[in-house]
file target34.tsv (TSV, C-alpha atoms)
chain	number	residue	atom	x	y	z
A	50	MET	CA	32.85	-125.80	-56.58
A	51	ILE	CA	34.66	-128.81	-57.98
A	52	GLU	CA	37.41	-130.37	-55.88
A	53	ILE	CA	39.98	-132.99	-56.84
A	54	LYS	CA	42.02	-134.70	-54.14
A	55	GLN	CA	44.48	-137.56	-54.26
A	56	ALA	CA	43.89	-140.28	-51.70
A	57	PRO	CA	46.77	-141.93	-49.80
A	58	ASP	CA	46.50	-144.93	-52.15
A	59	GLY	CA	47.24	-142.65	-55.13
A	60	ASN	CA	43.71	-142.74	-56.53
A	61	PHE	CA	41.67	-139.58	-57.02
A	62	VAL	CA	38.50	-138.25	-55.41
A	63	VAL	CA	36.39	-135.87	-57.52
A	64	LYS	CA	33.79	-133.91	-55.54
A	65	SER	CA	31.20	-131.44	-56.80
A	66	SER	CA	27.82	-130.00	-55.96
A	67	VAL	CA	24.93	-131.31	-58.05
A	68	SER	CA	24.18	-127.80	-59.31
A	69	ASP	CA	27.74	-127.26	-60.58
A	70	PHE	CA	27.82	-130.71	-62.21
A	71	CYS	CA	24.53	-130.00	-64.03
A	72	ALA	CA	25.71	-126.55	-65.09
A	73	CYS	CA	28.78	-128.13	-66.69
A	74	MET	CA	27.30	-131.25	-68.24
A	75	GLY	CA	23.86	-129.91	-69.09
A	76	TYR	CA	24.85	-126.41	-70.20
A	77	CYS	CA	28.57	-125.78	-70.87
A	78	GLU	CA	31.51	-128.12	-70.34
A	79	ILE	CA	33.95	-125.18	-70.30
A	80	LYS	CA	32.54	-124.11	-66.92
A	81	ILE	CA	34.55	-126.98	-65.38
A	82	LYS	CA	37.87	-125.17	-65.63
A	83	HIS	CA	36.40	-122.11	-63.89
A	84	TYR	CA	34.90	-124.13	-61.05
A	85	LEU	CA	38.20	-126.00	-60.58
A	86	LYS	CA	39.86	-122.61	-60.01
A	87	GLY	CA	37.21	-121.65	-57.47
A	88	ILE	CA	35.64	-119.08	-59.79
A	89	LYS	CA	31.87	-118.74	-59.82
A	90	PRO	CA	29.83	-116.14	-61.70
A	91	PRO	CA	27.99	-113.45	-59.71
A	92	GLU	CA	24.42	-114.13	-58.71
A	93	THR	CA	21.82	-112.79	-61.08
A	94	GLN	CA	18.42	-111.43	-60.17
A	95	ILE	CA	16.93	-114.62	-61.64
A	96	THR	CA	18.91	-116.72	-59.17
A	97	ILE	CA	17.97	-114.48	-56.24
A	98	ASP	CA	14.28	-114.57	-57.21
A	99	GLY	CA	14.45	-118.36	-57.57
A	100	VAL	CA	15.79	-118.76	-54.03
A	101	LYS	CA	13.01	-116.54	-52.70
A	102	SER	CA	10.37	-118.57	-54.56
A	103	HIS	CA	11.74	-121.83	-53.14
A	104	GLU	CA	11.58	-120.31	-49.66
A	105	LYS	CA	7.97	-119.26	-50.23
A	106	GLU	CA	7.10	-122.83	-51.24
A	107	GLU	CA	8.77	-124.19	-48.13
A	108	VAL	CA	6.93	-121.75	-45.87
A	109	TYR	CA	3.58	-122.50	-47.53
A	110	GLU	CA	4.04	-126.24	-47.01
A	111	LYS	CA	4.99	-125.80	-43.35
A	112	GLU	CA	1.87	-123.70	-42.77
A	113	HIS	CA	-0.53	-126.12	-44.46
A	114	PHE	CA	0.88	-129.62	-44.03
A	115	THR	CA	2.30	-131.79	-41.27
A	116	PHE	CA	4.53	-134.78	-42.02
A	117	GLU	CA	4.98	-137.77	-39.76
A	118	PRO	CA	8.59	-138.85	-39.13
A	119	VAL	CA	9.62	-141.62	-41.53
A	120	THR	CA	10.87	-144.67	-39.64
A	121	PRO	CA	13.49	-147.17	-40.87
A	122	GLU	CA	10.72	-149.76	-41.01
A	123	ALA	CA	8.62	-147.56	-43.29
A	124	LEU	CA	11.60	-146.95	-45.60
A	125	GLY	CA	11.88	-150.66	-46.25
A	126	ASP	CA	8.15	-151.38	-46.56
A	127	LEU	CA	7.11	-150.90	-50.19
A	128	THR	CA	3.42	-151.03	-49.24
A	129	LYS	CA	3.73	-147.75	-47.32
A	130	ASP	CA	3.56	-144.38	-49.06
A	131	ILE	CA	5.95	-141.86	-47.53
A	132	GLU	CA	6.65	-138.17	-48.06
A	133	PHE	CA	9.39	-135.91	-46.74
A	134	ALA	CA	9.07	-132.20	-46.05
A	135	ARG	CA	10.09	-129.89	-48.89
A	136	GLU	CA	13.86	-129.36	-48.95
A	137	GLY	CA	14.12	-131.68	-45.96
A	138	LEU	CA	16.65	-134.09	-47.47
A	139	PHE	CA	20.25	-133.70	-48.53
A	140	THR	CA	21.55	-136.03	-51.23
A	141	ARG	CA	24.78	-138.00	-51.62
A	142	PHE	CA	25.67	-139.61	-54.94
A	143	LEU	CA	28.78	-141.81	-54.87
A	144	ARG	CA	30.17	-143.73	-57.82
A	145	GLU	CA	33.45	-145.60	-58.30
A	146	LEU	CA	34.90	-145.18	-61.79
A	147	TRP	CA	37.82	-146.95	-63.43
A	148	PHE	CA	40.10	-145.57	-66.11
A	149	GLU	CA	42.41	-148.46	-67.01
A	150	ASP	CA	44.12	-149.23	-63.67
A	151	GLU	CA	43.19	-145.92	-62.03
A	152	ARG	CA	40.22	-145.76	-59.67
A	153	VAL	CA	38.32	-142.51	-59.21
A	154	SER	CA	35.79	-141.91	-56.43
A	155	PHE	CA	33.11	-139.57	-57.71
A	156	LEU	CA	30.98	-137.74	-55.12
A	157	LEU	CA	28.10	-135.33	-55.80
A	158	TYR	CA	26.15	-133.64	-53.04
A	159	GLY	CA	22.93	-131.64	-53.19
A	160	ARG	CA	19.52	-130.96	-51.69
A	161	ALA	CA	16.30	-132.24	-53.21
A	162	ASP	CA	13.19	-130.08	-53.44
A	163	LYS	CA	10.71	-132.89	-52.84
A	164	VAL	CA	11.10	-136.65	-52.21
A	165	MET	CA	8.29	-139.16	-51.78
A	166	ARG	CA	7.30	-142.76	-52.48
A	167	SER	CA	3.89	-143.64	-53.87
A	168	ASN	CA	2.72	-147.14	-54.79
A	169	GLY	CA	6.28	-148.41	-54.60
A	170	THR	CA	7.67	-145.67	-56.87
A	171	LEU	CA	10.35	-143.29	-55.62
A	172	ILE	CA	9.53	-139.79	-56.90
A	173	VAL	CA	11.75	-136.73	-56.95
A	174	GLU	CA	10.13	-133.43	-57.85
A	175	ASP	CA	12.15	-130.31	-58.64
A	176	SER	CA	10.63	-126.83	-58.96
A	177	LYS	CA	11.96	-124.27	-61.43
A	178	PHE	CA	11.06	-120.57	-61.56
A	179	PRO	CA	12.14	-119.15	-64.93
A	180	ALA	CA	12.33	-115.42	-65.62
A	181	THR	CA	10.31	-115.88	-68.80
A	182	LYS	CA	7.55	-118.37	-69.50
A	183	HIS	CA	7.49	-118.36	-73.30
A	184	LYS	CA	10.50	-120.65	-73.78
A	185	TYR	CA	8.53	-123.52	-72.23
A	186	GLN	CA	5.37	-123.10	-74.29
A	187	ASN	CA	6.45	-125.41	-77.12
A	188	LYS	CA	8.81	-127.68	-75.17
A	189	PHE	CA	7.94	-131.34	-74.68
A	190	GLU	CA	11.11	-132.30	-72.80
A	191	PRO	CA	12.97	-130.51	-69.99
A	192	PHE	CA	16.44	-129.09	-70.52
A	193	ASP	CA	19.32	-131.53	-70.04
A	194	ASN	CA	20.58	-129.84	-66.87
A	195	GLN	CA	17.11	-130.09	-65.30
A	196	LYS	CA	16.72	-133.78	-66.08
A	197	LEU	CA	20.26	-134.54	-64.91
A	198	GLN	CA	19.48	-132.97	-61.56
A	199	THR	CA	16.45	-135.16	-60.87
A	200	LEU	CA	18.22	-138.31	-62.10
A	201	LEU	CA	21.10	-137.67	-59.72
A	202	TYR	CA	18.71	-137.23	-56.80
A	203	LEU	CA	16.85	-140.42	-57.73
A	204	ASN	CA	20.09	-142.39	-57.57
A	205	SER	CA	21.44	-140.83	-54.39
A	206	SER	CA	21.26	-141.81	-50.77
A	207	PHE	CA	19.59	-139.30	-48.46
A	208	SER	CA	20.31	-137.62	-45.16
A	209	GLU	CA	18.48	-135.18	-42.92
A	210	THR	CA	21.79	-133.46	-42.11
A	211	SER	CA	24.15	-131.62	-44.43
A	212	SER	CA	27.22	-133.48	-43.16
A	213	LEU	CA	26.30	-136.41	-45.47
A	214	GLU	CA	28.46	-138.88	-43.58
A	215	GLU	CA	27.92	-142.34	-45.01
A	216	ASP	CA	26.60	-143.77	-41.75
A	217	GLU	CA	23.97	-141.03	-41.57
A	218	CYS	CA	22.59	-141.69	-45.06
A	219	PHE	CA	19.71	-143.98	-45.94
A	220	GLU	CA	18.09	-145.48	-49.02
A	221	VAL	CA	14.42	-145.32	-49.95
A	222	CYS	CA	13.40	-148.77	-51.16
A	223	CYS	CA	11.41	-148.73	-54.37
A	224	GLU	CA	10.33	-150.77	-57.38
A	225	LYS	CA	10.50	-147.90	-59.87
A	226	LYS	CA	11.88	-144.37	-60.00
A	227	ALA	CA	10.13	-141.32	-61.44
A	228	TRP	CA	11.03	-137.67	-61.89
A	229	ILE	CA	8.92	-134.53	-62.03
A	230	ILE	CA	10.16	-131.12	-63.17
A	231	ASN	CA	7.60	-128.50	-62.24
A	232	ILE	CA	7.99	-125.17	-64.05
A	233	LYS	CA	6.25	-122.50	-61.95
A	234	ASP	CA	5.39	-118.84	-61.93
A	235	LYS	CA	7.85	-117.13	-59.57
A	236	VAL	CA	5.16	-114.86	-58.11
A	237	THR	CA	2.05	-117.02	-57.82
A	238	LEU	CA	3.93	-120.37	-57.52
A	239	GLU	CA	1.35	-121.86	-59.89
A	240	SER	CA	2.52	-124.50	-62.36
A	241	ILE	CA	3.21	-123.34	-65.91
A	242	LYS	CA	4.28	-126.71	-67.27
A	243	ILE	CA	5.05	-130.09	-65.76
A	244	PHE	CA	7.52	-132.56	-67.26
A	245	GLN	CA	7.54	-136.07	-65.83
A	246	GLY	CA	8.74	-139.55	-66.62
A	247	TYR	CA	10.16	-142.80	-65.28
A	248	GLN	CA	13.83	-143.56	-65.01
A	249	THR	CA	14.40	-145.77	-68.05
A	250	ARG	CA	17.47	-147.61	-69.26
A	251	GLU	CA	17.96	-144.78	-71.73
A	252	ALA	CA	17.90	-142.25	-68.88
A	253	GLU	CA	20.41	-144.32	-66.91
A	254	ASP	CA	22.74	-144.46	-69.92
A	255	PHE	CA	22.40	-140.69	-70.33
A	256	LEU	CA	23.35	-140.13	-66.68
A	257	ASN	CA	26.26	-142.60	-66.74
A	258	GLU	CA	27.65	-141.05	-69.92
A	259	LYS	CA	27.61	-137.59	-68.36
A	260	ILE	CA	29.27	-138.82	-65.15
A	261	HIS	CA	32.03	-140.59	-67.04
A	262	ARG	CA	32.73	-137.58	-69.24
A	263	PHE	CA	32.67	-135.15	-66.31
A	264	ALA	CA	35.35	-137.19	-64.53
A	265	LEU	CA	37.51	-137.25	-67.67
A	266	LEU	CA	37.17	-133.49	-68.10
A	267	ALA	CA	37.85	-132.69	-64.44
A	268	LEU	CA	40.97	-134.87	-64.41
A	269	GLY	CA	42.24	-133.37	-67.66
A	270	LYS	CA	41.94	-136.64	-69.57
A	271	ALA	CA	39.64	-135.04	-72.17
A	272	GLU	CA	39.12	-131.56	-73.61
A	273	PRO	CA	35.77	-129.75	-73.20
A	274	GLU	CA	33.64	-129.19	-76.28
A	275	HIS	CA	32.30	-125.72	-76.95
A	276	HIS	CA	28.55	-125.46	-77.55
A	277	ASN	CA	29.11	-122.63	-80.09
A	278	ASN	CA	25.99	-120.87	-78.90
A	279	SER	CA	26.44	-117.12	-78.31
A	280	LYS	CA	23.15	-116.93	-76.38
A	281	LYS	CA	24.47	-119.45	-73.88
A	282	CYS	CA	27.65	-117.42	-73.45
A	283	ARG	CA	25.68	-114.26	-72.72
A	284	SER	CA	23.64	-116.08	-70.08
A	285	CYS	CA	26.68	-117.81	-68.59
A	286	ARG	CA	28.08	-114.65	-66.93
A	287	PHE	CA	31.74	-115.76	-66.98
A	288	GLU	CA	32.60	-112.53	-68.76
A	289	GLU	CA	36.37	-113.12	-68.67
A	290	CYS	CA	36.09	-116.59	-70.17
A	291	GLU	CA	38.58	-116.91	-72.99
A	292	ASP	CA	36.07	-119.04	-74.90
A	293	TYR	CA	33.31	-116.41	-74.67
A	294	LEU	CA	31.49	-115.91	-77.99

call {"tool": "encode", "arguments": {"input": "target34.tsv", "output": "structure tokens"}}
result
Amino acid sequence: MIEIKQAPDGNFVVKSSVSDFCACMGYCEIKIKHYLKGIKPPETQITIDGVKSHEKEEVYEKEHFTFEPVTPEALGDLTKDIEFAREGLFTRFLRELWFEDERVSFLLYGRADKVMRSNGTLIVEDSKFPATKHKYQNKFEPFDNQKLQTLLYLNSSFSETSSLEEDECFEVCCEKKAWIINIKDKVTLESIKIFQGYQTREAEDFLNEKIHRFALLALGKAEPEHHNNSKKCRSCRFEECEDYL
């Protein structure tokens, strides 16, 4: 869901899950008004299967690998490679935005599939289990919502608890940041296609632009733009949406 609260000082706090943010800014901006009302579409079989596949990955890793606890000293030592257990870290992305004299605190929370640091590079890997494989055969870049998700995780602080209190969060020191989006078969868990890249200035600008626009849309300072894609509407599942094509 998306929540908007007014702080005692009169400024606003905008809070959202990473998945809802990416659904709005990487798929359809009109979703924002539904999420603000507390309306979410029903789960599809694709979503249910995806959750099951993620659970299978987590179980497989627990059965075959053991991870040493990561100490505060190791977090700050760029010479040490570190790796966290799959789905072992919750993420907290906080940004202060200004619109003229109005300050907006922007908070996104989520849970990363895989976080590690190798040779000084912070790496976030996200697994996707599509219902059909053919749409990825000729793609050379991931979908916007997929890339947004990994970029948000890369720029978040982390916590081993879901409370995400600021004093419980930590940073992973790094020299560079890289993302991996691993498209997998939902049954065998084998990779179908892997997209990967470093966080560039262009990627940072892309993320910042989406964050700024999301805040404007959530606060009613801008109007959402329709994608004018009937296929997206059919997949969206908000059947009572007045903008449904």

call {"tool": "closest_residue", "arguments": {"input": "target34.tsv", "among": "A:Glu190, A:Asp58, A:Glu220, A:Glu78", "to": "Leu203 of chain A", "atoms": "all atoms listed in the file"}}
result
A:Glu220

call {"tool": "closest_residue", "arguments": {"input": "target34.tsv", "among": "A:Asn168, A:Thr140, A:Asn194, A:Ser154", "to": "Ser68 of chain A", "atoms": "only C-alpha atoms"}}
result
A:Asn194

call {"tool": "closest_residue", "arguments": {"input": "target34.tsv", "among": "A:Gln248, A:Ala264, A:Asp234, A:Glu291", "to": "Lys105 of chain A", "atoms": "all atoms listed in the file"}}
result
A:Asp234

call {"tool": "residues_near_point", "arguments": {"input": "target34.tsv", "point": "(7.6, -126.4, -67.3)", "cutoff": "10 Å", "atoms": "all atoms listed in the file", "output": "CSV table (one decimal) with C-alpha atoms, keeping the file's coordinate frame"}}
result
chain,number,residue,atom,x,y,z
A,176,SER,CA,10.6,-126.8,-59.0
A,177,LYS,CA,12.0,-124.3,-61.4
A,178,PHE,CA,11.1,-120.6,-61.6
A,179,PRO,CA,12.1,-119.2,-64.9
A,182,LYS,CA,7.6,-118.4,-69.5
A,184,LYS,CA,10.5,-120.6,-73.8
A,185,TYR,CA,8.5,-123.5,-72.2
A,186,GLN,CA,5.4,-123.1,-74.3
A,187,ASN,CA,6.4,-125.4,-77.1
A,188,LYS,CA,8.8,-127.7,-75.2
A,189,PHE,CA,7.9,-131.3,-74.7
A,190,GLU,CA,11.1,-132.3,-72.8
A,191,PRO,CA,13.0,-130.5,-70.0
A,192,PHE,CA,16.4,-129.1,-70.5
A,229,ILE,CA,8.9,-134.5,-62.0
A,230,ILE,CA,10.2,-131.1,-63.2
A,231,ASN,CA,7.6,-128.5,-62.2
A,232,ILE,CA,8.0,-125.2,-64.0
A,233,LYS,CA,6.2,-122.5,-62.0
A,234,ASP,CA,5.4,-118.8,-61.9
A,240,SER,CA,2.5,-124.5,-62.4
A,241,ILE,CA,3.2,-123.3,-65.9
A,242,LYS,CA,4.3,-126.7,-67.3
A,243,ILE,CA,5.0,-130.1,-65.8
A,244,PHE,CA,7.5,-132.6,-67.3
A,245,GLN,CA,7.5,-136.1,-65.8

call {"tool": "residues_near_point", "arguments": {"input": "target34.tsv", "point": "(28.6, -126.8, -70.7)", "cutoff": "12 Å", "atoms": "all atoms listed in the file", "output": "ChimeraX atom specification"}}
result
/A:69-84,193-194,259,262-263,266,272-278,281-282,284-285,292

call {"tool": "atom_distance", "arguments": {"input": "target34.tsv", "atom1": "atom CA of Leu171 of chain A", "atom2": "atom CA of His113 of chain A"}}
result
23.2 Å

call {"tool": "residues_around", "arguments": {"input": "target34.tsv", "residues": "Ser211 of chain A", "least_positions_apart": "4", "cutoff": "10 Å", "atoms": "only C-alpha atoms", "output": "ChimeraX atom specification"}}
result
/A:138-141,158-160,207,217

call {"tool": "closest_residue", "arguments": {"input": "target34.tsv", "among": "A:Val221, A:Leu201, A:Ala227, A:Ile51", "to": "Ala123 of chain A", "atoms": "all atoms listed in the file"}}
result
A:Val221

call {"tool": "closest_residue", "arguments": {"input": "target34.tsv", "among": "A:Val236, A:Leu200, A:Thr210, A:Val67", "to": "Glu251 of chain A", "atoms": "all atoms listed in the file"}}
result
A:Leu200

call {"tool": "atom_distance", "arguments": {"input": "target34.tsv", "atom1": "atom CA of Phe219 of chain A", "atom2": "atom CA of His103 of chain A"}}
result
24.6 Å

call {"tool": "atom_distance", "arguments": {"input": "target34.tsv", "atom1": "atom CA of Thr96 of chain A", "atom2": "atom CA of Arg286 of chain A"}}
result
12.2 Å

call {"tool": "closest_residue", "arguments": {"input": "target34.tsv", "among": "A:Gly246, A:Glu104, A:Lys235, A:Met50", "to": "Val173 of chain A", "atoms": "only C-alpha atoms"}}
result
A:Gly246

call {"tool": "decode", "arguments": {"input": "target34.tsv", "residues": "segment 108-185 of chain A", "atoms": "C-alpha atoms", "output": "PDB file, in the first residue's frame"}}
result
ATOM      1  CA  VAL A 108      15.121 -23.962   0.784  1.00  0.00           C
ATOM      2  CA  TYR A 109      17.692 -25.171  -1.750  1.00  0.00           C
ATOM      3  CA  GLU A 110      20.249 -22.621  -0.548  1.00  0.00           C
ATOM      4  CA  LYS A 111      19.700 -23.533   3.110  1.00  0.00           C
ATOM      5  CA  GLU A 112      20.228 -27.210   2.295  1.00  0.00           C
ATOM      6  CA  HIS A 113      23.421 -26.691   0.297  1.00  0.00           C
ATOM      7  CA  PHE A 114      25.173 -23.620   1.696  1.00  0.00           C
ATOM      8  CA  THR A 115      26.162 -22.211   5.070  1.00  0.00           C
ATOM      9  CA  PHE A 116      26.857 -18.508   5.564  1.00  0.00           C
ATOM     10  CA  GLU A 117      29.041 -17.052   8.279  1.00  0.00           C
ATOM     11  CA  PRO A 118      27.554 -14.122  10.225  1.00  0.00           C
ATOM     12  CA  VAL A 119      28.692 -10.800   8.751  1.00  0.00           C
ATOM     13  CA  THR A 120      30.369  -8.637  11.396  1.00  0.00           C
ATOM     14  CA  PRO A 121      30.380  -4.816  11.492  1.00  0.00           C
ATOM     15  CA  GLU A 122      34.117  -4.972  10.848  1.00  0.00           C
ATOM     16  CA  ALA A 123      33.596  -7.032   7.694  1.00  0.00           C
ATOM     17  CA  LEU A 124      30.934  -4.594   6.431  1.00  0.00           C
ATOM     18  CA  GLY A 125      33.459  -1.780   6.485  1.00  0.00           C
ATOM     19  CA  ASP A 126      36.402  -3.748   5.079  1.00  0.00           C
ATOM     20  CA  LEU A 127      36.332  -3.500   1.276  1.00  0.00           C
ATOM     21  CA  THR A 128      38.942  -6.250   0.963  1.00  0.00           C
ATOM     22  CA  LYS A 129      36.503  -8.827   2.353  1.00  0.00           C
ATOM     23  CA  ASP A 130      33.899 -10.523   0.161  1.00  0.00           C
ATOM     24  CA  ILE A 131      30.620 -11.048   1.988  1.00  0.00           C
ATOM     25  CA  GLU A 132      27.339 -12.777   1.162  1.00  0.00           C
ATOM     26  CA  PHE A 133      24.003 -12.834   2.952  1.00  0.00           C
ATOM     27  CA  ALA A 134      21.513 -15.691   2.920  1.00  0.00           C
ATOM     28  CA  ARG A 135      18.810 -15.498   0.265  1.00  0.00           C
ATOM     29  CA  GLU A 136      15.937 -13.260   1.367  1.00  0.00           C
ATOM     30  CA  GLY A 137      17.827 -12.623   4.592  1.00  0.00           C
ATOM     31  CA  LEU A 138      17.810  -8.825   4.390  1.00  0.00           C
ATOM     32  CA  PHE A 139      15.038  -6.260   4.536  1.00  0.00           C
ATOM     33  CA  THR A 140      15.644  -2.931   2.805  1.00  0.00           C
ATOM     34  CA  ARG A 141      14.958   0.670   3.812  1.00  0.00           C
ATOM     35  CA  PHE A 142      15.211   3.470   1.259  1.00  0.00           C
ATOM     36  CA  LEU A 143      14.822   6.978   2.698  1.00  0.00           C
ATOM     37  CA  ARG A 144      15.027  10.195   0.699  1.00  0.00           C
ATOM     38  CA  GLU A 145      14.224  13.792   1.620  1.00  0.00           C
ATOM     39  CA  LEU A 146      12.579  15.720  -1.215  1.00  0.00           C
ATOM     40  CA  TRP A 147      11.812  19.418  -1.505  1.00  0.00           C
ATOM     41  CA  PHE A 148       8.991  21.004  -3.461  1.00  0.00           C
ATOM     42  CA  GLU A 149       9.546  24.759  -3.094  1.00  0.00           C
ATOM     43  CA  ASP A 150       9.362  25.255   0.705  1.00  0.00           C
ATOM     44  CA  GLU A 151       7.684  21.915   1.417  1.00  0.00           C
ATOM     45  CA  ARG A 152       9.767  18.973   2.607  1.00  0.00           C
ATOM     46  CA  VAL A 153       8.625  15.423   1.912  1.00  0.00           C
ATOM     47  CA  SER A 154      10.137  12.350   3.571  1.00  0.00           C
ATOM     48  CA  PHE A 155      10.003   9.459   1.137  1.00  0.00           C
ATOM     49  CA  LEU A 156      10.314   5.931   2.561  1.00  0.00           C
ATOM     50  CA  LEU A 157      10.321   2.657   0.610  1.00  0.00           C
ATOM     51  CA  TYR A 158      10.639  -0.722   2.277  1.00  0.00           C
ATOM     52  CA  GLY A 159      11.238  -4.154   0.769  1.00  0.00           C
ATOM     53  CA  ARG A 160      13.129  -7.425   0.931  1.00  0.00           C
ATOM     54  CA  ALA A 161      16.025  -8.260  -1.354  1.00  0.00           C
ATOM     55  CA  ASP A 162      16.424 -11.692  -2.925  1.00  0.00           C
ATOM     56  CA  LYS A 163      20.212 -11.765  -2.752  1.00  0.00           C
ATOM     57  CA  VAL A 164      22.838  -9.291  -1.462  1.00  0.00           C
ATOM     58  CA  MET A 165      26.596  -9.733  -1.607  1.00  0.00           C
ATOM     59  CA  ARG A 166      29.868  -7.833  -2.031  1.00  0.00           C
ATOM     60  CA  SER A 167      32.601  -9.102  -4.322  1.00  0.00           C
ATOM     61  CA  ASN A 168      35.888  -7.318  -5.035  1.00  0.00           C
ATOM     62  CA  GLY A 169      34.525  -4.141  -3.482  1.00  0.00           C
ATOM     63  CA  THR A 170      31.316  -4.181  -5.561  1.00  0.00           C
ATOM     64  CA  LEU A 171      27.918  -4.334  -3.876  1.00  0.00           C
ATOM     65  CA  ILE A 172      25.702  -6.700  -5.874  1.00  0.00           C
ATOM     66  CA  VAL A 173      21.951  -7.149  -5.650  1.00  0.00           C
ATOM     67  CA  GLU A 174      20.440 -10.074  -7.528  1.00  0.00           C
ATOM     68  CA  ASP A 175      16.701 -10.443  -8.074  1.00  0.00           C
ATOM     69  CA  SER A 176      15.065 -13.616  -9.406  1.00  0.00           C
ATOM     70  CA  LYS A 177      12.005 -13.507 -11.658  1.00  0.00           C
ATOM     71  CA  PHE A 178       9.809 -16.460 -12.641  1.00  0.00           C
ATOM     72  CA  PRO A 179       7.674 -15.478 -15.649  1.00  0.00           C
ATOM     73  CA  ALA A 180       4.686 -17.520 -16.796  1.00  0.00           C
ATOM     74  CA  THR A 181       6.002 -17.488 -20.355  1.00  0.00           C
ATOM     75  CA  LYS A 182       9.597 -17.505 -21.531  1.00  0.00           C
ATOM     76  CA  HIS A 183       9.212 -16.241 -25.099  1.00  0.00           C
ATOM     77  CA  LYS A 184       8.899 -12.548 -24.202  1.00  0.00           C
ATOM     78  CA  TYR A 185      12.503 -12.569 -22.967  1.00  0.00           C
TER      79      TYR A 185
END
